Amino acid sequence: TKGFAIGSAALACFLLFSAFMDECSSFSGVPFTSVDIAVPEVFIGGLLGAMLVFLFSSMAFNAVGRSAQEVVTEVRRQLSERPGIMTFQERPDYARCVSIVARSALREMVKPGLTVVIFPIATGVGFKLLGDATNQPLLGAKAVAGMLMFATVTGILMALYLNTAGGAWDNAKKYIEQGAYGGKNSEAHKASITGDTVGDPAKDTAGPSIHVLIKLLATITLVMCPLFL
């Protein structure tokens with residue numbers, strides 16, 4: 001399912017990319033049918049797009065880590081204040097943990113979301129001003145097109161990697177818990193728990209969110225096209 005999702009996202013981005021080039025042509029009156037990455041500014045725009053995928057992924061991983069730590073702190077507090085939880089004499093406050101996770105999820109997505117929105121706009125406007133100064137028409141649009149192209153390709157590969165690797169780590173733990181490599185409480189099981197701790201945010205957070213990243217990038221560049229001309 002996740003493979004299909006990133007495939008459909010890639011197709012959507014390709015169509016939006018074509019629409020972006022058509023819109024640039026209609027607004028500027030200058031044919032814009034190809035992107036030449038041999039132009040240094042376009043290549044730099046492409047590098048920025050590839051870097052954005054890694055920056056966004058790291059933000060997603062860090063968000064999961066911070067949210068999980070808040071839950072750990074809350075669980076420790078409840079266990080210390082209500083020791084009857086461990087003997088099933090008291091009921092834990094589940095609603096408190098759910099509230100922490102929901103609030104943290106919304107808060108932690110603000111920074112990556114703003115980054116994805118601001119990044120292509122800043123890149124396009126910056127290179128547009130550079131193009132005006134150096135007499136290079138459409139430089140802003142070309143740099144954004146390079147950024148979009150590199151970000152899409154890098155995002156597809158990164159999403160496939162995170163989805164597959166995260167699933168493998170998760171299933172490795174389940175496999176060991178069924179009795180392989182010494183079963184539960186073995187050294188292999190302890191190692192697999194560490195792997196699963198990394199695998200879960202990879203396959204459930206960073207990987208799937210890259211679908212949103214590349215589609216949002218394509219949509220933002222299409223909508224903001226006149227700013228880059």
# chains A, B, ... in the order shown; residues from 1 in each chain; ligands from 1

$ select_by_dssp --residues "region 77-154 of chain A" --states "helix (DSSP H, G or I)" --output "ChimeraX atom specification"
/A:77-81,83-85,94-108,110-134,139-154

$ residues_around --residues "Leu148 (chain A)" --least-positions-apart "5" --cutoff "10 Å" --atoms "only C-alpha atoms" --output "short mmCIF file (atom, residue, chain, number, x, y, z; two decimals) with all heavy atoms, in the first residue's frame"
data_model
loop_
_atom_site.label_atom_id
_atom_site.label_comp_id
_atom_site.auth_asym_id
_atom_site.auth_seq_id
_atom_site.Cartn_x
_atom_site.Cartn_y
_atom_site.Cartn_z
N CYS A 13 2.90 14.47 -8.94
CA CYS A 13 3.94 15.52 -9.00
C CYS A 13 4.39 15.76 -10.43
O CYS A 13 4.67 16.90 -10.83
CB CYS A 13 5.12 15.14 -8.13
SG CYS A 13 4.76 15.25 -6.39
N PHE A 14 4.49 14.69 -11.22
CA PHE A 14 4.88 14.85 -12.62
C PHE A 14 3.86 15.70 -13.37
O PHE A 14 4.21 16.59 -14.14
CB PHE A 14 5.03 13.48 -13.29
CG PHE A 14 5.33 13.55 -14.75
CD1 PHE A 14 6.59 13.91 -15.20
CD2 PHE A 14 4.34 13.27 -15.69
CE1 PHE A 14 6.87 14.00 -16.56
CE2 PHE A 14 4.61 13.36 -17.05
CZ PHE A 14 5.88 13.72 -17.48
N PHE A 17 4.12 19.25 -12.21
CA PHE A 17 5.34 19.85 -12.75
C PHE A 17 5.10 20.32 -14.19
O PHE A 17 5.51 21.42 -14.58
CB PHE A 17 6.48 18.82 -12.71
CG PHE A 17 7.79 19.33 -13.20
CD1 PHE A 17 8.52 20.25 -12.47
CD2 PHE A 17 8.31 18.89 -14.42
CE1 PHE A 17 9.74 20.73 -12.93
CE2 PHE A 17 9.52 19.36 -14.88
CZ PHE A 17 10.24 20.28 -14.14
N GLY A 45 19.47 25.11 -7.26
CA GLY A 45 18.07 24.92 -6.88
C GLY A 45 17.73 23.45 -6.69
O GLY A 45 17.02 23.08 -5.75
N GLY A 46 18.26 22.60 -7.59
CA GLY A 46 18.06 21.15 -7.46
C GLY A 46 18.66 20.60 -6.18
O GLY A 46 18.04 19.77 -5.49
N LEU A 48 19.17 22.21 -3.42
CA LEU A 48 18.33 22.66 -2.30
C LEU A 48 17.09 21.78 -2.16
O LEU A 48 16.67 21.45 -1.05
CB LEU A 48 17.92 24.12 -2.52
CG LEU A 48 19.03 25.17 -2.41
CD1 LEU A 48 18.51 26.54 -2.82
CD2 LEU A 48 19.59 25.22 -0.99
N GLY A 49 16.51 21.37 -3.30
CA GLY A 49 15.34 20.50 -3.26
C GLY A 49 15.66 19.14 -2.67
O GLY A 49 14.90 18.61 -1.86
N ALA A 50 16.82 18.56 -3.06
CA ALA A 50 17.22 17.26 -2.52
C ALA A 50 17.50 17.38 -1.02
O ALA A 50 17.12 16.49 -0.23
CB ALA A 50 18.46 16.76 -3.25
N PRO A 120 10.22 26.75 -1.18
CA PRO A 120 10.15 27.01 -2.63
C PRO A 120 9.89 28.47 -2.96
O PRO A 120 10.40 28.98 -3.97
CB PRO A 120 8.99 26.12 -3.10
CG PRO A 120 8.18 25.83 -1.89
CD PRO A 120 9.13 25.85 -0.74
N LYS A 142 13.03 28.63 -13.43
CA LYS A 142 13.90 27.50 -13.77
C LYS A 142 14.54 26.89 -12.52
O LYS A 142 14.64 25.67 -12.40
CB LYS A 142 14.98 27.96 -14.75
CG LYS A 142 14.46 28.27 -16.14
CD LYS A 142 15.57 28.81 -17.03
CE LYS A 142 15.04 29.14 -18.42
NZ LYS A 142 16.09 29.74 -19.28
N ALA A 143 14.96 27.75 -11.59
CA ALA A 143 15.56 27.25 -10.35
C ALA A 143 14.54 26.48 -9.52
O ALA A 143 14.84 25.42 -8.95
CB ALA A 143 16.13 28.41 -9.53
N VAL A 153 12.37 13.34 -7.12
CA VAL A 153 13.15 12.10 -7.31
C VAL A 153 13.74 11.63 -5.98
O VAL A 153 13.65 10.45 -5.61
CB VAL A 153 14.26 12.32 -8.35
CG1 VAL A 153 15.17 11.10 -8.43
CG2 VAL A 153 13.66 12.60 -9.72
N THR A 154 14.35 12.56 -5.23
CA THR A 154 14.93 12.19 -3.93
C THR A 154 13.85 11.74 -2.97
O THR A 154 14.04 10.77 -2.21
CB THR A 154 15.68 13.41 -3.34
OG1 THR A 154 16.62 13.90 -4.28
CG2 THR A 154 16.43 13.01 -2.06
N ILE A 214 6.27 16.06 -1.23
CA ILE A 214 6.50 16.30 -2.66
C ILE A 214 5.24 16.84 -3.35
O ILE A 214 5.33 17.67 -4.26
CB ILE A 214 7.04 15.03 -3.37
CG1 ILE A 214 6.07 13.85 -3.29
CG2 ILE A 214 8.39 14.63 -2.80
CD1 ILE A 214 6.53 12.63 -4.07
N LYS A 215 4.07 16.41 -2.90
CA LYS A 215 2.84 16.94 -3.50
C LYS A 215 2.61 18.40 -3.09
O LYS A 215 2.16 19.21 -3.90
CB LYS A 215 1.64 16.08 -3.09
CG LYS A 215 1.55 14.77 -3.89
CD LYS A 215 0.25 14.04 -3.68
CE LYS A 215 0.29 13.21 -2.44
NZ LYS A 215 -0.81 12.22 -2.37
N LEU A 217 5.00 20.55 -2.31
CA LEU A 217 5.99 21.34 -3.04
C LEU A 217 5.48 21.66 -4.45
O LEU A 217 5.57 22.80 -4.92
CB LEU A 217 7.32 20.58 -3.14
CG LEU A 217 8.32 20.71 -2.02
CD1 LEU A 217 9.53 19.84 -2.29
CD2 LEU A 217 8.75 22.17 -1.85
N ALA A 218 4.97 20.63 -5.13
CA ALA A 218 4.47 20.82 -6.49
C ALA A 218 3.28 21.78 -6.51
O ALA A 218 3.17 22.63 -7.41
CB ALA A 218 4.07 19.46 -7.08
N THR A 221 4.52 25.52 -5.75
CA THR A 221 5.21 26.13 -6.90
C THR A 221 4.21 26.49 -8.00
O THR A 221 4.35 27.53 -8.65
CB THR A 221 6.27 25.18 -7.47
OG1 THR A 221 5.68 23.90 -7.75
CG2 THR A 221 7.41 24.99 -6.49
#

$ residues_around --residues "Lys128 (chain A)" --least-positions-apart "4" --cutoff "9 Å" --atoms "only C-alpha atoms" --output "ChimeraX atom specification"
/A:123-124,132-133,136-141,143,227-229

$ residues_around --residues "Gln78 (chain A)" --least-positions-apart "4" --cutoff "8 Å" --atoms "only C-alpha atoms" --output "list of chain:residue names"
A:Glu74, A:Arg82, A:Pro83, A:Pro92, A:Asp93

$ write_last_selection --atoms "C-alpha atoms" --output "PDB file, in the first residue's frame"
ATOM      1  CA  GLU A  74       3.926  11.096  31.906  1.00  0.00           C
ATOM      2  CA  ARG A  82      -0.089   5.694  41.682  1.00  0.00           C
ATOM      3  CA  PRO A  83       1.875   2.489  42.367  1.00  0.00           C
ATOM      4  CA  PRO A  92      -4.030   4.440  34.467  1.00  0.00           C
ATOM      5  CA  ASP A  93      -5.059   7.824  33.067  1.00  0.00           C
TER       6      ASP A  93
END

$ closest_residue --among "A:Ala202, A:Leu114, A:Leu129, A:Val98" --to "Ala165 (chain A)" --atoms "only C-alpha atoms"
A:Ala202

$ closest_residue --among "A:Thr87, A:Thr164, A:Ser25, A:Thr219" --to "Gly3 (chain A)" --atoms "only C-alpha atoms"
A:Thr164

$ closest_residue --among "A:Val35, A:Met86, A:Leu213, A:Met109" --to "Thr152 (chain A)" --atoms "only C-alpha atoms"
A:Leu213

$ decode --residues "region 161-176 of chain A" --atoms "all heavy atoms" --output "tab-separated table (two decimals), in the first residue's frame"
chain	number	residue	atom	x	y	z
A	161	TYR	N	12.74	3.88	0.69
A	161	TYR	CA	13.75	3.38	1.64
A	161	TYR	C	13.20	3.34	3.07
A	161	TYR	O	13.31	2.32	3.76
A	161	TYR	CB	14.99	4.26	1.57
A	161	TYR	CG	15.91	4.12	2.76
A	161	TYR	CD1	16.60	2.94	3.00
A	161	TYR	CD2	16.07	5.16	3.66
A	161	TYR	CE1	17.42	2.80	4.10
A	161	TYR	CE2	16.89	5.04	4.75
A	161	TYR	CZ	17.56	3.86	4.97
A	161	TYR	OH	18.38	3.72	6.06
A	162	LEU	N	12.60	4.45	3.51
A	162	LEU	CA	12.10	4.52	4.89
A	162	LEU	C	10.95	3.53	5.12
A	162	LEU	O	10.89	2.87	6.16
A	162	LEU	CB	11.65	5.94	5.22
A	162	LEU	CG	12.76	7.00	5.33
A	162	LEU	CD1	12.16	8.38	5.50
A	162	LEU	CD2	13.71	6.68	6.46
A	163	ASN	N	10.05	3.43	4.14
A	163	ASN	CA	8.92	2.49	4.28
A	163	ASN	C	9.41	1.05	4.35
A	163	ASN	O	8.96	0.26	5.19
A	163	ASN	CB	7.96	2.65	3.10
A	163	ASN	CG	7.17	3.95	3.15
A	163	ASN	OD1	7.01	4.53	4.22
A	163	ASN	ND2	6.71	4.40	2.01
A	164	THR	N	10.34	0.69	3.46
A	164	THR	CA	10.82	-0.70	3.40
A	164	THR	C	11.71	-1.04	4.59
A	164	THR	O	11.54	-2.09	5.22
A	164	THR	CB	11.60	-0.93	2.09
A	164	THR	OG1	10.78	-0.50	0.99
A	164	THR	CG2	11.94	-2.38	1.92
A	165	ALA	N	12.65	-0.16	4.91
A	165	ALA	CA	13.56	-0.42	6.03
A	165	ALA	C	12.80	-0.44	7.35
A	165	ALA	O	13.03	-1.32	8.20
A	165	ALA	CB	14.65	0.65	6.06
A	166	GLY	N	11.88	0.51	7.53
A	166	GLY	CA	11.09	0.55	8.76
A	166	GLY	C	10.24	-0.70	8.92
A	166	GLY	O	10.14	-1.27	10.02
A	167	GLY	N	9.63	-1.15	7.83
A	167	GLY	CA	8.83	-2.38	7.88
A	167	GLY	C	9.68	-3.60	8.19
A	167	GLY	O	9.27	-4.50	8.93
A	168	ALA	N	10.89	-3.63	7.64
A	168	ALA	CA	11.80	-4.75	7.90
A	168	ALA	C	12.21	-4.80	9.37
A	168	ALA	O	12.23	-5.87	9.99
A	168	ALA	CB	13.04	-4.64	7.01
A	169	TRP	N	12.52	-3.64	9.94
A	169	TRP	CA	12.90	-3.59	11.36
A	169	TRP	C	11.73	-4.02	12.24
A	169	TRP	O	11.92	-4.76	13.22
A	169	TRP	CB	13.33	-2.17	11.75
A	169	TRP	CG	14.77	-1.86	11.45
A	169	TRP	CD1	15.83	-2.71	11.63
A	169	TRP	CD2	15.30	-0.64	10.94
A	169	TRP	NE1	16.99	-2.07	11.25
A	169	TRP	CE2	16.69	-0.80	10.83
A	169	TRP	CE3	14.73	0.57	10.57
A	169	TRP	CZ2	17.53	0.21	10.37
A	169	TRP	CZ3	15.57	1.58	10.12
A	169	TRP	CH2	16.94	1.40	10.01
A	170	ASP	N	10.56	-3.55	11.91
A	170	ASP	CA	9.36	-3.89	12.69
A	170	ASP	C	9.08	-5.39	12.62
A	170	ASP	O	8.83	-6.04	13.65
A	170	ASP	CB	8.17	-3.09	12.15
A	170	ASP	CG	6.93	-3.24	13.03
A	170	ASP	OD1	7.10	-3.54	14.23
A	170	ASP	OD2	5.82	-3.04	12.54
A	171	ASN	N	9.13	-5.95	11.43
A	171	ASN	CA	8.84	-7.38	11.26
A	171	ASN	C	9.94	-8.26	11.84
A	171	ASN	O	9.67	-9.40	12.23
A	171	ASN	CB	8.61	-7.69	9.78
A	171	ASN	CG	7.28	-7.16	9.30
A	171	ASN	OD1	6.29	-7.21	10.00
A	171	ASN	ND2	7.25	-6.61	8.09
A	172	ALA	N	11.17	-7.75	11.88
A	172	ALA	CA	12.26	-8.51	12.49
A	172	ALA	C	11.97	-8.76	13.97
A	172	ALA	O	12.19	-9.87	14.49
A	172	ALA	CB	13.58	-7.77	12.32
A	173	LYS	N	11.46	-7.75	14.65
A	173	LYS	CA	11.11	-7.91	16.07
A	173	LYS	C	10.00	-8.94	16.23
A	173	LYS	O	10.07	-9.81	17.11
A	173	LYS	CB	10.70	-6.57	16.67
A	173	LYS	CG	10.37	-6.64	18.17
A	173	LYS	CD	10.22	-5.27	18.77
A	173	LYS	CE	8.87	-4.68	18.48
A	173	LYS	NZ	7.82	-5.18	19.38
A	174	LYS	N	8.98	-8.85	15.39
A	174	LYS	CA	7.88	-9.82	15.48
A	174	LYS	C	8.38	-11.25	15.21
A	174	LYS	O	7.95	-12.21	15.85
A	174	LYS	CB	6.78	-9.46	14.47
A	174	LYS	CG	6.04	-8.17	14.80
A	174	LYS	CD	4.91	-7.94	13.81
A	174	LYS	CE	4.07	-6.73	14.17
A	174	LYS	NZ	4.75	-5.45	13.93
A	175	TYR	N	9.29	-11.36	14.25
A	175	TYR	CA	9.84	-12.67	13.89
A	175	TYR	C	10.61	-13.29	15.06
A	175	TYR	O	10.46	-14.46	15.39
A	175	TYR	CB	10.75	-12.51	12.67
A	175	TYR	CG	11.38	-13.78	12.17
A	175	TYR	CD1	10.58	-14.86	11.77
A	175	TYR	CD2	12.75	-13.91	12.05
A	175	TYR	CE1	11.16	-16.03	11.28
A	175	TYR	CE2	13.34	-15.06	11.58
A	175	TYR	CZ	12.54	-16.12	11.19
A	175	TYR	OH	13.11	-17.28	10.71
A	176	ILE	N	11.41	-12.47	15.73
A	176	ILE	CA	12.19	-12.95	16.88
A	176	ILE	C	11.25	-13.31	18.03
A	176	ILE	O	11.48	-14.30	18.75
A	176	ILE	CB	13.22	-11.88	17.30
A	176	ILE	CG1	14.31	-11.77	16.23
A	176	ILE	CG2	13.85	-12.23	18.65
A	176	ILE	CD1	15.23	-10.59	16.40
